[in-house]
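Printed here is protein11.cif (mmCIF, C-alpha atoms):
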data_my_file
#
loop_
_atom_site.label_atom_id
_atom_site.label_comp_id
_atom_site.auth_asym_id
_atom_site.auth_seq_id
_atom_site.Cartn_x
_atom_site.Cartn_y
_atom_site.Cartn_z
CA MET A 1 -10.83 136.14 -80.67
CA ARG A 2 -12.97 133.24 -81.85
CA GLU A 3 -11.52 129.78 -81.48
CA GLY A 4 -10.07 128.28 -84.63
CA PRO A 5 -7.18 126.22 -85.93
CA LEU A 6 -4.79 129.16 -85.51
CA ASP A 7 -4.08 130.24 -81.94
CA PRO A 8 -4.40 134.04 -81.61
CA GLU A 9 -0.94 134.41 -80.09
CA ILE A 10 0.56 132.35 -82.91
CA SER A 11 -1.29 134.51 -85.43
CA ARG A 12 0.07 137.67 -83.81
CA ALA A 13 3.61 136.28 -83.80
CA LEU A 14 3.38 135.24 -87.45
CA LEU A 15 2.17 138.65 -88.59
CA LEU A 16 4.88 140.39 -86.57
CA LYS A 17 7.48 138.19 -88.26
CA LEU A 18 5.94 139.09 -91.61
CA GLY A 19 6.29 142.77 -90.77
CA ASP A 20 9.89 142.15 -89.75
CA ARG A 21 10.54 140.49 -93.11
CA VAL A 22 9.11 143.46 -94.99
CA ARG A 23 11.21 145.87 -92.92
CA THR A 24 14.37 143.87 -93.52
CA LYS A 25 13.79 143.56 -97.26
CA LEU A 26 13.10 147.27 -97.61
CA LEU A 27 16.26 148.16 -95.72
CA GLU A 28 18.27 145.79 -97.92
CA ALA A 29 16.67 147.11 -101.11
CA ARG A 30 17.31 150.69 -100.09
CA GLN A 31 20.96 149.98 -99.40
CA ALA A 32 21.32 148.13 -102.72
CA ALA A 33 19.66 151.01 -104.55
CA VAL A 34 22.17 153.45 -103.12
CA TYR A 35 25.08 151.39 -104.42
CA ALA A 36 23.41 150.88 -107.79
CA GLU A 37 22.51 154.57 -108.05
CA ARG A 38 18.85 153.82 -108.68
CA SER A 39 15.68 154.81 -106.88
CA LEU A 40 12.89 152.97 -105.09
CA SER A 41 10.62 155.92 -105.90
CA SER A 42 10.19 155.04 -109.57
CA ILE A 43 6.65 154.04 -110.58
CA SER A 44 6.21 150.30 -110.94
CA ARG A 45 2.55 150.35 -112.07
CA GLU A 46 -0.82 152.05 -111.53
CA SER A 47 -3.72 150.39 -109.69
CA ALA A 48 -7.37 151.34 -109.19
CA ALA A 49 -6.58 152.38 -105.63
CA ASP A 50 -3.20 154.05 -105.85
CA THR A 51 0.11 154.50 -107.63
CA ILE A 52 2.43 151.54 -107.02
CA TYR A 53 6.11 152.45 -106.70
CA GLU A 54 9.22 150.27 -106.85
CA ILE A 55 9.33 150.24 -103.05
CA ASP A 56 5.83 148.71 -103.07
CA ARG A 57 6.95 146.00 -105.48
CA VAL A 58 9.78 145.00 -103.15
CA SER A 59 7.42 144.69 -100.21
CA GLU A 60 4.78 142.76 -102.15
CA GLU A 61 7.34 140.21 -103.27
CA ALA A 62 8.56 139.85 -99.69
CA ILE A 63 5.01 139.22 -98.47
CA GLU A 64 4.18 136.57 -101.06
CA SER A 65 7.43 134.68 -100.51
CA TRP A 66 7.00 134.85 -96.73
CA PHE A 67 3.47 133.42 -96.85
CA ALA A 68 4.61 130.63 -99.16
CA GLU A 69 7.42 129.72 -96.75
CA ASN A 70 5.87 130.34 -93.33
CA TRP A 71 2.07 130.37 -93.21
CA LEU A 72 0.57 127.30 -91.59
CA PRO A 73 -1.16 125.04 -94.14
CA THR A 74 -3.80 124.12 -91.54
CA ALA A 75 -5.04 127.72 -91.56
CA PRO A 76 -5.60 128.58 -95.26
CA VAL A 77 -5.81 132.32 -95.85
CA GLU A 78 -6.81 134.79 -98.57
CA LEU A 79 -4.72 137.96 -98.98
CA VAL A 80 -6.34 141.33 -99.64
CA MET A 81 -3.91 144.06 -100.67
CA GLU A 82 -3.03 146.35 -103.53
CA GLY A 83 -1.84 144.45 -106.56
CA VAL A 84 -4.21 141.54 -105.97
CA VAL A 85 -6.82 141.43 -108.72
CA PRO A 86 -10.30 140.67 -107.27
CA ASP A 87 -11.05 137.94 -109.81
CA GLN A 88 -7.57 136.44 -109.33
CA PRO A 89 -7.43 135.86 -105.56
CA VAL A 90 -4.16 135.06 -103.83
CA THR A 91 -4.45 132.30 -101.25
CA PHE A 92 -2.04 130.26 -99.14
CA PRO A 93 -1.34 127.43 -99.41
CA ARG A 94 -1.11 128.47 -103.05
CA GLY A 95 -4.09 127.45 -105.13
CA THR A 96 -6.48 126.95 -102.21
CA PRO A 97 -10.01 127.87 -103.36
CA VAL A 98 -11.23 130.97 -101.56
CA GLU A 99 -14.27 129.14 -100.24
CA ARG A 100 -11.93 126.74 -98.44
CA THR A 101 -9.88 129.43 -96.70
CA LEU A 102 -10.49 130.02 -93.01
CA TYR A 103 -8.99 133.51 -92.74
CA LYS A 104 -8.83 136.76 -94.64
CA CYS A 105 -5.76 138.94 -94.18
CA MET A 106 -5.76 142.58 -95.21
CA ILE A 107 -2.31 144.09 -95.68
CA ASP A 108 -0.89 147.49 -96.49
CA PRO A 109 2.74 146.58 -97.23
CA VAL A 110 4.03 150.17 -97.06
CA ASP A 111 1.65 152.76 -95.65
CA GLY A 112 3.37 156.10 -96.08
CA THR A 113 5.18 155.35 -99.33
CA ARG A 114 5.77 158.96 -100.30
CA GLY A 115 7.24 159.92 -96.95
CA ILE A 116 9.68 157.01 -96.80
CA MET A 117 10.67 157.37 -100.46
CA TYR A 118 11.99 160.84 -99.68
CA ASP A 119 13.38 159.66 -96.33
CA LYS A 120 11.19 162.24 -94.57
CA ARG A 121 9.26 160.07 -92.12
CA PRO A 122 8.86 156.38 -91.30
CA ALA A 123 6.31 154.29 -93.16
CA TRP A 124 4.34 151.41 -91.63
CA PHE A 125 3.54 147.81 -92.45
CA LEU A 126 -0.11 147.18 -91.52
CA ALA A 127 -2.00 143.89 -91.29
CA GLY A 128 -5.41 142.81 -90.02
CA LEU A 129 -6.59 139.21 -89.78
CA ALA A 130 -10.28 138.24 -89.80
CA PRO A 131 -12.23 135.01 -90.08
CA GLN A 132 -13.21 134.35 -93.68
CA LYS A 133 -16.78 135.48 -94.37
CA GLY A 134 -16.50 135.89 -98.11
CA GLU A 135 -17.69 139.16 -99.56
CA SER A 136 -19.47 140.02 -96.31
CA THR A 137 -16.18 140.23 -94.38
CA LYS A 138 -15.80 143.70 -92.83
CA LEU A 139 -13.18 145.69 -90.99
CA SER A 140 -15.14 145.08 -87.79
CA ASP A 141 -14.40 141.35 -88.18
CA ILE A 142 -10.66 141.91 -87.70
CA GLU A 143 -9.49 140.10 -84.59
CA ILE A 144 -5.72 140.49 -84.83
CA ALA A 145 -3.89 143.63 -85.98
CA VAL A 146 -0.20 144.37 -86.37
CA MET A 147 1.78 147.55 -87.10
CA VAL A 148 5.53 147.45 -87.84
CA GLU A 149 7.53 150.63 -88.37
CA LEU A 150 9.57 150.97 -91.57
CA PRO A 151 12.32 153.39 -90.53
CA THR A 152 14.13 156.22 -92.26
CA THR A 153 17.87 155.93 -92.85
CA LYS A 154 18.76 157.83 -89.67
CA GLN A 155 16.71 155.60 -87.37
CA TRP A 156 18.20 152.84 -85.26
CA ARG A 157 14.86 151.90 -83.68
CA ALA A 158 11.68 150.57 -85.27
CA ASP A 159 8.54 150.06 -83.18
CA ARG A 160 6.08 147.17 -83.40
CA LEU A 161 2.50 147.30 -82.10
CA SER A 162 -0.12 144.58 -82.09
CA ALA A 163 -3.49 143.67 -80.63
CA ILE A 164 -5.79 140.71 -80.22
CA ARG A 165 -9.45 141.55 -79.78
CA GLY A 166 -10.31 141.45 -76.10
CA ARG A 167 -6.71 140.94 -74.99
CA GLY A 168 -5.30 144.45 -75.23
CA THR A 169 -2.41 146.03 -77.09
CA VAL A 170 1.28 145.17 -76.74
CA ALA A 171 4.30 146.96 -78.18
CA ASP A 172 8.05 146.70 -78.41
CA SER A 173 10.98 148.31 -80.19
CA VAL A 174 13.53 146.64 -82.43
CA ASN A 175 17.12 147.77 -82.88
CA VAL A 176 17.42 147.49 -86.66
CA PHE A 177 21.18 146.93 -86.43
CA THR A 178 21.22 144.19 -83.78
CA ASN A 179 17.58 142.92 -83.92
CA GLU A 180 17.42 143.20 -80.14
CA THR A 181 13.98 144.06 -78.78
CA GLU A 182 12.77 145.84 -75.67
CA PRO A 183 9.26 146.59 -74.36
CA LEU A 184 7.59 149.81 -75.42
CA VAL A 185 5.10 151.59 -73.17
CA LEU A 186 2.30 153.44 -74.96
CA ARG A 187 0.50 156.25 -73.14
CA PRO A 188 -2.27 157.96 -75.13
CA SER A 189 -3.05 161.49 -73.97
CA ARG A 190 -5.55 161.90 -71.16
CA ALA A 191 -6.11 165.58 -71.96
CA GLU A 192 -9.76 166.57 -72.13
CA ASN A 193 -9.22 169.31 -74.73
CA VAL A 194 -6.81 170.06 -77.57
CA LEU A 195 -5.35 173.32 -76.26
CA HIS A 196 -1.55 173.36 -76.32
CA GLY A 197 -1.56 169.93 -77.95
CA PHE A 198 -1.43 168.43 -81.43
CA ALA A 199 -4.72 167.94 -83.28
CA TYR A 200 -5.84 168.28 -86.90
CA ILE A 201 -8.01 167.19 -89.79
CA SER A 202 -6.11 165.59 -92.69
CA ARG A 203 -5.68 167.79 -95.74
CA PHE A 204 -2.71 166.41 -97.61
CA PHE A 205 -3.61 167.54 -101.13
CA PRO A 206 -4.99 170.70 -102.76
CA THR A 207 -8.29 168.99 -103.62
CA GLY A 208 -10.87 169.87 -100.97
CA LYS A 209 -8.32 171.63 -98.76
CA LYS A 210 -10.24 174.91 -98.59
CA LEU A 211 -13.41 173.25 -97.30
CA ILE A 212 -11.54 170.98 -94.91
CA ALA A 213 -9.65 173.96 -93.49
CA ALA A 214 -12.91 175.88 -93.03
CA ILE A 215 -14.41 172.94 -91.13
CA GLU A 216 -11.37 172.68 -88.88
CA GLN A 217 -11.26 176.42 -88.24
CA GLU A 218 -14.90 176.44 -87.16
CA LEU A 219 -14.31 173.38 -84.99
CA TRP A 220 -11.52 175.07 -83.03
CA GLU A 221 -13.31 178.41 -82.78
CA THR A 222 -16.44 176.70 -81.47
CA LEU A 223 -14.59 174.58 -78.95
CA HIS A 224 -12.24 177.35 -77.87
CA PRO A 225 -13.66 180.78 -78.80
CA PRO A 226 -10.90 183.31 -79.40
CA ALA A 227 -10.61 186.32 -77.12
CA HIS A 228 -8.94 189.69 -77.69
CA ASP A 229 -6.41 189.08 -74.95
CA ARG A 230 -5.39 185.55 -75.86
CA GLU A 231 -5.23 183.12 -78.73
CA SER A 232 -6.09 179.42 -78.89
CA ILE A 233 -2.86 177.44 -79.21
CA ILE A 234 -3.42 174.21 -81.14
CA PHE A 235 -0.58 172.58 -83.04
CA GLU A 236 -0.78 170.32 -86.06
CA ASP A 237 1.62 167.87 -87.67
CA GLN A 238 0.25 166.43 -90.91
CA TYR A 239 1.65 162.88 -91.10
CA ILE A 240 0.87 161.65 -94.63
CA CYS A 241 0.31 158.08 -93.52
CA THR A 242 -2.66 156.63 -91.66
CA GLY A 243 -0.47 154.13 -89.81
CA GLY A 244 1.74 157.01 -88.75
CA GLN A 245 -1.27 159.00 -87.62
CA PHE A 246 -2.46 156.02 -85.59
CA TYR A 247 0.98 155.76 -84.00
CA GLU A 248 1.02 159.43 -83.01
CA ILE A 249 -2.28 158.96 -81.15
CA LEU A 250 -1.04 155.73 -79.56
CA ALA A 251 2.23 157.29 -78.41
CA GLY A 252 0.45 160.23 -76.79
CA HIS A 253 1.85 162.77 -79.25
CA ASP A 254 -1.49 163.72 -80.85
CA ARG A 255 -4.89 164.06 -79.21
CA PHE A 256 -7.31 164.23 -82.13
CA ILE A 257 -7.00 163.34 -85.83
CA ALA A 258 -9.79 163.09 -88.40
CA ASP A 259 -9.80 162.13 -92.06
CA ILE A 260 -12.97 163.37 -93.76
CA ARG A 261 -11.74 163.47 -97.34
CA PRO A 262 -14.40 161.07 -98.72
CA LEU A 263 -17.16 163.18 -97.15
CA VAL A 264 -15.69 166.40 -98.55
CA TYR A 265 -15.12 164.90 -102.00
CA ALA A 266 -18.74 163.73 -102.08
CA LYS A 267 -19.93 167.23 -101.20
CA LEU A 268 -17.78 168.74 -103.97
CA GLY A 269 -18.75 166.07 -106.51
CA ILE A 270 -15.15 164.95 -106.92
CA GLN A 271 -14.08 161.45 -107.84
CA SER A 272 -10.68 160.83 -106.26
CA ALA A 273 -8.70 157.79 -105.17
CA LEU A 274 -6.56 160.05 -102.96
CA CYS A 275 -8.37 159.17 -99.77
CA CYS A 276 -8.25 156.59 -97.02
CA HIS A 277 -9.05 152.97 -97.92
CA PRO A 278 -9.84 149.91 -95.78
CA TYR A 279 -6.23 148.69 -95.79
CA ASP A 280 -5.11 152.04 -94.35
CA VAL A 281 -7.26 151.55 -91.24
CA CYS A 282 -7.02 147.77 -90.88
CA THR A 283 -5.08 148.19 -87.61
CA TYR A 284 -7.66 150.36 -85.83
CA LEU A 285 -8.00 147.49 -83.33
CA VAL A 286 -4.56 148.40 -81.93
CA LEU A 287 -6.01 151.78 -80.92
CA SER A 288 -9.36 150.46 -79.70
CA GLU A 289 -7.72 147.88 -77.44
CA LEU A 290 -5.78 150.71 -75.77
CA GLY A 291 -8.91 152.75 -75.08
CA ILE A 292 -8.59 155.19 -77.98
CA ILE A 293 -11.91 156.03 -79.65
CA VAL A 294 -11.94 155.34 -83.40
CA GLU A 295 -15.23 155.96 -85.16
CA HIS A 296 -16.98 157.56 -88.12
CA PRO A 297 -16.76 161.38 -88.05
CA LEU A 298 -20.56 161.61 -87.92
CA GLY A 299 -20.63 159.23 -84.98
CA GLY A 300 -21.09 155.49 -84.79
CA ALA A 301 -18.78 152.71 -85.85
CA MET A 302 -16.12 153.14 -88.47
CA ASP A 303 -16.47 150.12 -90.72
CA GLY A 304 -16.02 149.09 -94.31
CA PRO A 305 -15.61 146.13 -96.64
CA PHE A 306 -12.49 144.02 -97.07
CA ASP A 307 -11.38 145.63 -100.33
CA THR A 308 -8.75 148.04 -101.64
CA THR A 309 -10.95 150.70 -103.23
CA SER A 310 -13.71 151.75 -100.84
CA ALA A 311 -13.40 155.24 -99.34
CA ILE A 312 -13.14 155.41 -95.55
CA SER A 313 -13.71 158.41 -93.27
CA TRP A 314 -12.57 158.20 -89.67
CA VAL A 315 -11.81 160.14 -86.53
CA ALA A 316 -9.64 159.18 -83.57
CA TYR A 317 -9.94 160.68 -80.09
CA ALA A 318 -7.18 159.96 -77.59
CA ASN A 319 -9.69 159.26 -74.81
CA ASP A 320 -13.42 159.10 -74.12
CA LYS A 321 -13.64 162.43 -72.29
CA LEU A 322 -12.05 164.25 -75.21
CA ALA A 323 -14.42 162.42 -77.57
CA SER A 324 -17.44 163.46 -75.52
CA ARG A 325 -16.39 167.09 -75.82
CA VAL A 326 -15.37 167.23 -79.48
CA ARG A 327 -17.72 164.69 -81.09
CA PRO A 328 -21.02 166.66 -80.94
CA VAL A 329 -19.37 169.84 -82.20
CA LEU A 330 -17.62 168.08 -85.07
CA LYS A 331 -20.81 166.26 -86.03
CA ALA A 332 -22.87 169.45 -86.06
CA ILE A 333 -20.32 171.30 -88.20
CA LEU A 334 -20.07 168.44 -90.68
CA GLN A 335 -23.84 168.28 -91.02
CA GLU A 336 -24.00 172.00 -91.65
CA LYS A 337 -21.04 172.26 -94.03
CA LEU A 338 -21.51 169.02 -95.96
CA TYR A 339 -25.22 168.29 -95.77
CA GLU A 340 -26.72 171.74 -95.15
CA ARG A 341 -28.55 170.37 -92.14
CA PRO A 342 -27.70 172.39 -89.03
CA GLY A 343 -28.18 170.73 -85.70
CA MET A 344 -26.94 167.70 -83.89
CA GLY A 345 -28.99 165.15 -85.86
#
Go ahead and render the structure in this file as structure tokens.
Amino acid sequence: MREGPLDPEISRALLLKLGDRVRTKLLEARQAAVYAERSLSSISRESAADTIYEIDRVSEEAIESWFAENWLPTAPVELVMEGVVPDQPVTFPRGTPVERTLYKCMIDPVDGTRGIMYDKRPAWFLAGLAPQKGESTKLSDIEIAVMVELPTTKQWRADRLSAIRGRGTVADSVNVFTNETEPLVLRPSRAENVLHGFAYISRFFPTGKKLIAAIEQELWETLHPPAHDRESIIFEDQYICTGGQFYEILAGHDRFIADIRPLVYAKLGIQSALCCHPYDVCTYLVLSELGIIVEHPLGGAMDGPFDTTSAISWVAYANDKLASRVRPVLKAILQEKLYERPGMG
């Protein structure tokens, strides 16, 4: 982390407190909605990047009020998140010209909106802090990343994960009833293959699913050729939330996850906002600092601009040995299926 007016540990603590505020406000709003017999799943508005639901509105209001009350005025910051119009930047202290801000903070207030709205699976608050570089700021500039779990109604525990570049990843769990915390140990899988483990390529929606499934099928058959006397056992658990997917890799539950929707949509000539965006992956540093490999599916760094509309493709391997085995096969299949160029490239 580069030296600046905001100590990295203070930055981490502030963003964790922000995530706690969002979690608390969502729990309160959900309880109030039950008593009022209304729903947080109603549509609040539409944006260029996604559909914004009432639950998103609650979290956005919590974020803006928290920054106004708690962010240090000596470290002016620009917020990048859904709902912020590019030509109407939101900065803190309020009214600070963007060119005078020192930091740029990308936030996904509720990653996994649809899952949490139906109380199916936890959502996640995601935040990444980078030094302000104007329009040239990229995901690779993020130096502090924070993930805070937004629990379902039956959960008593919500996990928090954070990282500072070069200083590793730390995690703890919060009892949502008492606010007591305890350390959380994360152990990504050390398996060198995906057999008898969880691994998959994201295919949440009908669009592009056939091609994505064909790519995944060829990947598994190439890595683990079927035989007449046995079958390849590979499980999948489609978590419709990038933060949730990241958590499953971090916790050692999943070994390999890829999201290639932008590549597939490009091949099919489809314009769709239903893909991963920079704010969805703004906490990749939490994985990288724990030794998990996060990169572009065709190899090389996964990177992108600090905006809310760019399409992002990514792949995460639980460890370097697994990456060394799967990466060349995945790359060759993608080149053949999407670019009609067989070979390793």
In terms of all atoms listed in the file, the residue from A:Leu6, A:Leu268, A:Leu102, A:Ala29 at minimal distance from A:Lys337 is A:Leu268
I want to know what sits within 12 Å of A:Leu334, based on only C-alpha atoms, with residues of the same chain fewer than 3 positions away left out; could you give that as a ChimeraX atom specification?
/A:211-212,214-216,218-219,258,260-261,263-264,267,296-299,327-331,337-345
Scan for residues within 12 Å of the point (-3.9, 129.7, -105.4) in the coordinates of the file, using all atoms listed in the file, and reply as number ranges by chain.
A: 64, 67-68, 76-79, 84, 87-101
So that I can check the surroundings of A:Ile233, please list as a list in words every protein, DNA and RNA residue that reaches within 10 Å of it, counting only C-alpha atoms and ignoring chain neighbours fewer than 5 positions away.
Val194, Leu195, His196, Gly197, Phe198, Trp220, His224 and Pro226 of chain A
Counting all atoms listed in the file, which residues of stretch 188-246 of chain A sit at most 10 Å from some atom of stretch 117-141 of chain A, and what is each one's closest atom pair with its distance in Å to one decimal, listed by chain and rising residue number, as a Markdown table?
| residue | atom | partner | partner_atom | distance |
| --- | --- | --- | --- | --- |
| A:Tyr239 | CA | A:Arg121 | CA | 8.2 |
| A:Ile240 | CA | A:Arg121 | CA | 8.9 |
| A:Cys241 | CA | A:Ala123 | CA | 7.1 |
| A:Thr242 | CA | A:Trp124 | CA | 8.7 |
| A:Gly243 | CA | A:Trp124 | CA | 5.8 |
| A:Gly244 | CA | A:Trp124 | CA | 6.8 |
Could you spell out the hits of the PyMOL selection byres ((chain A and resi 185-190) around 12) on the shown file, as a tab-separated table (two decimals) with C-alpha atoms, in the coordinates of the input?
chain	number	residue	atom	x	y	z
A	159	ASP	CA	8.54	150.06	-83.18
A	160	ARG	CA	6.08	147.17	-83.40
A	161	LEU	CA	2.50	147.30	-82.10
A	162	SER	CA	-0.12	144.58	-82.09
A	168	GLY	CA	-5.30	144.45	-75.23
A	169	THR	CA	-2.41	146.03	-77.09
A	170	VAL	CA	1.28	145.17	-76.74
A	171	ALA	CA	4.30	146.96	-78.18
A	172	ASP	CA	8.05	146.70	-78.41
A	173	SER	CA	10.98	148.31	-80.19
A	182	GLU	CA	12.77	145.84	-75.67
A	183	PRO	CA	9.26	146.59	-74.36
A	184	LEU	CA	7.59	149.81	-75.42
A	191	ALA	CA	-6.11	165.58	-71.96
A	192	GLU	CA	-9.76	166.57	-72.13
A	193	ASN	CA	-9.22	169.31	-74.73
A	194	VAL	CA	-6.81	170.06	-77.57
A	197	GLY	CA	-1.56	169.93	-77.95
A	198	PHE	CA	-1.43	168.43	-81.43
A	199	ALA	CA	-4.72	167.94	-83.28
A	246	PHE	CA	-2.46	156.02	-85.59
A	247	TYR	CA	0.98	155.76	-84.00
A	248	GLU	CA	1.02	159.43	-83.01
A	249	ILE	CA	-2.28	158.96	-81.15
A	250	LEU	CA	-1.04	155.73	-79.56
A	251	ALA	CA	2.23	157.29	-78.41
A	252	GLY	CA	0.45	160.23	-76.79
A	253	HIS	CA	1.85	162.77	-79.25
A	254	ASP	CA	-1.49	163.72	-80.85
A	255	ARG	CA	-4.89	164.06	-79.21
A	256	PHE	CA	-7.31	164.23	-82.13
A	286	VAL	CA	-4.56	148.40	-81.93
A	287	LEU	CA	-6.01	151.78	-80.92
A	288	SER	CA	-9.36	150.46	-79.70
A	289	GLU	CA	-7.72	147.88	-77.44
A	290	LEU	CA	-5.78	150.71	-75.77
A	291	GLY	CA	-8.91	152.75	-75.08
A	292	ILE	CA	-8.59	155.19	-77.98
A	293	ILE	CA	-11.91	156.03	-79.65
A	316	ALA	CA	-9.64	159.18	-83.57
A	317	TYR	CA	-9.94	160.68	-80.09
A	318	ALA	CA	-7.18	159.96	-77.59
A	319	ASN	CA	-9.69	159.26	-74.81
A	320	ASP	CA	-13.42	159.10	-74.12
A	321	LYS	CA	-13.64	162.43	-72.29
A	322	LEU	CA	-12.05	164.25	-75.21
A	323	ALA	CA	-14.42	162.42	-77.57
Report, as AutoDock Vina command-line options, the axis-aligned box around all atoms of stretch 83-97 of chain A present in the file, extended by 5 Å on each side; give centre and edge lengths in Å to one decimal place.
--center_x -6.1 --center_y 135.7 --center_z -104.5 --size_x 19.9 --size_y 27.5 --size_z 20.7
Counting all atoms listed in the file, the residue of A:Ala301, A:Ile257, A:Ile55, A:Val146 that sits nearest A:Gly112:
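Using all atoms listed in the file, A:Gly112 sits closest to A:Ile55.
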Using all atoms listed in the file, determine which residues lie at most 8 Å from A:Arg12, disregarding the query and same-chain residues fewer than 2 positions distant; provide the list as a ChimeraX atom specification.
/A:8-10,14-16,144-146,162-164
Got a sec: who's within 10 Å of A:Asn179, counting all atoms listed in the file, leaving out chain neighbours fewer than 5 positions off, as a PDB file with C-alpha atoms, in the frame of the given file?
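Produced file around_0.pdb, reproduced below:
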ATOM      1  CA  ASP A  20       9.890 142.150 -89.750  1.00  0.00           C
ATOM      2  CA  ARG A 157      14.860 151.900 -83.680  1.00  0.00           C
ATOM      3  CA  ALA A 158      11.680 150.570 -85.270  1.00  0.00           C
ATOM      4  CA  SER A 173      10.980 148.310 -80.190  1.00  0.00           C
ATOM      5  CA  VAL A 174      13.530 146.640 -82.430  1.00  0.00           C
TER       6      VAL A 174
END
Counting all atoms listed in the file, the option among A:Val294, A:Val315, A:Trp71, A:Thr222 closest to A:Ala332:
A:Thr222
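Put simply, atom CA of A:Ile312 is 6.6 Å away from atom CA of A:Pro262.
For the pair atom CA of A:Tyr279 and atom CA of A:Lys210, the interatomic distance is 26.7 Å.
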Nearest-residue call for A:Thr283, choices A:Glu143, A:Pro305, A:Lys104, A:Gln271, using all atoms listed in the file:
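Nearest candidate to A:Thr283 out of A:Glu143, A:Pro305, A:Lys104, A:Gln271: A:Glu143.
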Kindly indicate which residue among A:Ala13, A:Ala266, A:Met147, A:Cys105 lies nearest to A:Leu285, using only C-alpha atoms for the distances.
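Nearest candidate to A:Leu285 out of A:Ala13, A:Ala266, A:Met147, A:Cys105: A:Met147.
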Of the residues A:Ser310, A:Thr207, A:Ser202, A:Ser65, which is the one nearest to A:Gln245, using only C-alpha atoms?
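Result for the nearest residue to A:Gln245: A:Ser202.
Applying the 8 Å criterion to (-5.1, 152.6, -97.2) in file coordinates and using all atoms listed in the file, one obtains the residues Asp108, Asp111, Thr242, Cys275, Cys276, His277, Pro278, Tyr279, Asp280, Val281 and Thr308 of chain A.
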